[in-house]
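Here's entry10.txt, which has compact mmCIF, C-alpha atoms:
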```
# COMPACT_ATOMS: atom_id res chain seq x y z
CA MET A 1161 -44.29 214.43 25.53
CA SER A 1162 -40.91 216.10 25.13
CA GLY A 1163 -38.05 215.16 22.81
CA GLY A 1164 -35.35 215.76 25.43
CA PRO A 1165 -32.20 213.75 26.17
CA ALA A 1166 -34.18 210.89 27.71
CA ALA A 1167 -36.05 210.34 24.45
CA ALA A 1168 -32.76 210.22 22.52
CA ALA A 1169 -31.35 207.59 24.90
CA VAL A 1170 -34.29 205.24 24.23
CA ARG A 1171 -33.52 204.89 20.51
CA ASP A 1172 -34.36 201.48 19.07
CA PRO A 1173 -31.39 200.50 16.86
CA GLY A 1174 -33.08 197.25 15.81
CA LEU A 1175 -34.89 198.67 12.80
CA GLN A 1176 -31.95 200.32 11.06
CA PRO A 1177 -29.79 197.16 10.85
CA GLU A 1178 -32.80 195.26 9.50
CA ARG A 1179 -33.41 197.84 6.76
CA THR A 1180 -29.71 197.87 5.91
CA ARG A 1181 -29.60 194.08 5.76
CA LEU A 1182 -32.59 194.08 3.40
CA ALA A 1183 -30.93 196.74 1.24
CA TRP A 1184 -27.80 194.57 0.95
CA ARG A 1185 -29.96 191.62 -0.08
CA ARG A 1186 -31.77 193.69 -2.74
CA THR A 1187 -28.46 194.96 -4.08
CA THR A 1188 -27.11 191.40 -4.20
CA LEU A 1189 -30.17 190.36 -6.18
CA ALA A 1190 -29.64 193.25 -8.61
CA ALA A 1191 -25.97 192.28 -9.04
CA THR A 1192 -27.05 188.68 -9.69
CA VAL A 1193 -29.43 189.80 -12.42
CA ALA A 1194 -26.69 191.97 -13.95
CA ALA A 1195 -24.23 189.04 -13.96
CA VAL A 1196 -26.78 186.70 -15.54
CA LEU A 1197 -27.63 189.26 -18.22
CA ALA A 1198 -23.91 189.80 -18.85
CA ALA A 1199 -23.40 186.06 -19.33
CA LYS A 1200 -26.41 185.90 -21.64
CA SER A 1201 -25.10 188.86 -23.62
CA ALA A 1202 -21.65 187.24 -23.90
CA LEU A 1203 -23.19 184.17 -25.50
CA ARG A 1204 -25.61 186.05 -27.78
CA GLY A 1205 -24.83 185.94 -31.49
CA GLY A 1206 -22.14 183.31 -31.23
CA VAL A 1207 -19.26 182.73 -28.89
CA SER A 1208 -16.23 185.02 -29.09
CA VAL A 1209 -13.10 184.93 -26.99
CA SER A 1210 -13.53 188.51 -25.80
CA GLY A 1211 -17.19 187.90 -24.93
CA VAL A 1212 -16.33 184.82 -22.90
CA VAL A 1213 -13.47 186.59 -21.10
CA VAL A 1214 -15.59 189.62 -20.20
CA GLY A 1215 -18.52 187.38 -19.24
CA ALA A 1216 -16.24 185.33 -16.98
CA LEU A 1217 -14.85 188.53 -15.47
CA CYS A 1218 -18.42 189.66 -14.74
CA CYS A 1219 -19.07 186.36 -12.96
CA VAL A 1220 -15.87 186.69 -10.90
CA LEU A 1221 -16.79 190.26 -9.97
CA TRP A 1222 -20.27 189.08 -9.00
CA LEU A 1223 -18.77 186.43 -6.74
CA GLY A 1224 -16.60 189.12 -5.14
CA PHE A 1225 -19.62 191.33 -4.56
CA LEU A 1226 -21.55 188.38 -3.18
CA ALA A 1227 -18.76 187.63 -0.69
CA LEU A 1228 -18.59 191.28 0.43
CA ALA A 1229 -22.36 191.55 0.78
CA GLN A 1230 -22.70 188.29 2.71
CA ARG A 1231 -19.95 189.39 5.10
CA ARG A 1232 -21.80 192.64 5.79
CA ILE A 1233 -25.15 190.88 6.16
CA ARG A 1234 -23.61 188.48 8.72
CA LEU A 1235 -22.10 191.40 10.66
CA LEU A 1236 -25.45 193.19 10.70
CA ALA A 1237 -27.22 190.07 11.97
CA ALA A 1238 -24.59 189.31 14.61
CA SER A 1239 -25.44 192.04 17.09
CA PRO A 1240 -28.25 194.50 17.80
CA GLU A 1241 -25.84 197.44 17.34
CA PRO A 1242 -23.44 196.45 14.54
CA ARG A 1243 -20.18 198.21 13.79
CA ALA A 1244 -20.00 200.86 11.13
CA LEU A 1245 -19.00 199.78 7.65
CA ALA A 1246 -15.20 199.79 7.40
CA ALA A 1247 -13.69 202.12 4.79
CA ARG A 1248 -11.78 199.21 3.22
CA HIS A 1249 -14.96 197.17 2.88
CA ALA A 1250 -16.88 200.11 1.42
CA THR A 1251 -14.10 200.85 -1.07
CA ALA A 1252 -13.92 197.21 -2.18
CA THR A 1253 -17.68 197.13 -2.67
CA VAL A 1254 -17.64 200.30 -4.77
CA VAL A 1255 -14.73 199.07 -6.90
CA VAL A 1256 -16.39 195.70 -7.56
CA THR A 1257 -19.74 197.35 -8.38
CA VAL A 1258 -18.21 199.86 -10.80
CA ALA A 1259 -16.08 197.16 -12.43
CA LEU A 1260 -19.16 194.98 -12.88
CA ALA A 1261 -21.01 197.89 -14.51
CA VAL A 1262 -18.07 198.61 -16.83
CA CYS A 1263 -17.82 194.95 -17.86
CA GLY A 1264 -21.55 194.80 -18.48
CA ALA A 1265 -21.40 197.95 -20.58
CA GLY A 1266 -18.45 196.49 -22.49
CA LEU A 1267 -20.53 193.46 -23.40
CA LEU A 1268 -23.30 195.63 -24.76
CA LEU A 1269 -21.03 197.65 -27.04
```

Here is a file; write its structure as structure tokens.
Amino acid sequence: MSGGPAAAAVRDPGLQPERTRLAWRRTTLAATVAAVLAAKSALRGGVSVSGVVVGALCCVLWLGFLALAQRRIRLLAASPEPRALAARHATATVVVTVALAVCGAGLLL
């Protein structure tokens, strides 16, 4: 059995989109847990204006991440060979993720 050009042409792209879709779902679950913990932390020890504002910002950022992730999951499920992730979409996802982490860290301090 050789690994020549014919073997490369018979690549099964069906597994990679499935793994990527599952990774997006796991990451969405992790972001959900982070947003819930941020909201819990904002309400711990009494309610403060800054805690509520940062907690609300975490929830808004989570909703943004959820929208981005669901869009990507739908694109991955739409065809057997989905398009590559657009640079704009990747940048938005990174910005929302980092902002969510910063807000969460701000609640802990």

Item to check | Nearby residues, (-28.6, 191.5, 1.3) file frame, 12 Å, all atoms listed in the file, as a list in words | outcome: Pro1177, Glu1178, Arg1179, Thr1180, Arg1181, Leu1182, Ala1183, Trp1184, Arg1185, Arg1186, Thr1187, Thr1188, Leu1189, Ala1190, Ala1191, Thr1192, Phe1225, Leu1226, Ala1227, Leu1228, Ala1229, Gln1230, Arg1231, Arg1232, Ile1233, Arg1234, Leu1235, Leu1236 and Ala1237 of chain A

Checklist entry - Just how far from atom CA of A:Arg1204 is atom CA of A:Leu1217, in Å to one decimal? => result 16.5 Å

Next on the checklist: Taking (-25.5, 187.4, -14.0) in the coordinates of the supplied file, I want to know which residues reach to within 12 Å of it, counting only C-alpha atoms; could you give the answer as a ChimeraX atom specification?
Outcome noted: /A:1188-1202,1214-1223,1225-1226,1260-1261,1263-1264

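Nearest residue to A:Leu1175, choosing from A:Val1255, A:Glu1241, A:Ala1265, A:Gly1205 and counting all atoms listed in the file: A:Glu1241.
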
Checklist entry - Pick the closest to A:Gly1266 from A:Gly1206, A:Gly1211, A:Ala1246, A:Gln1176: which is it, counting only C-alpha atoms? => result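 When distances to A:Gly1266 are compared using only C-alpha atoms, the smallest one comes from A:Gly1211.
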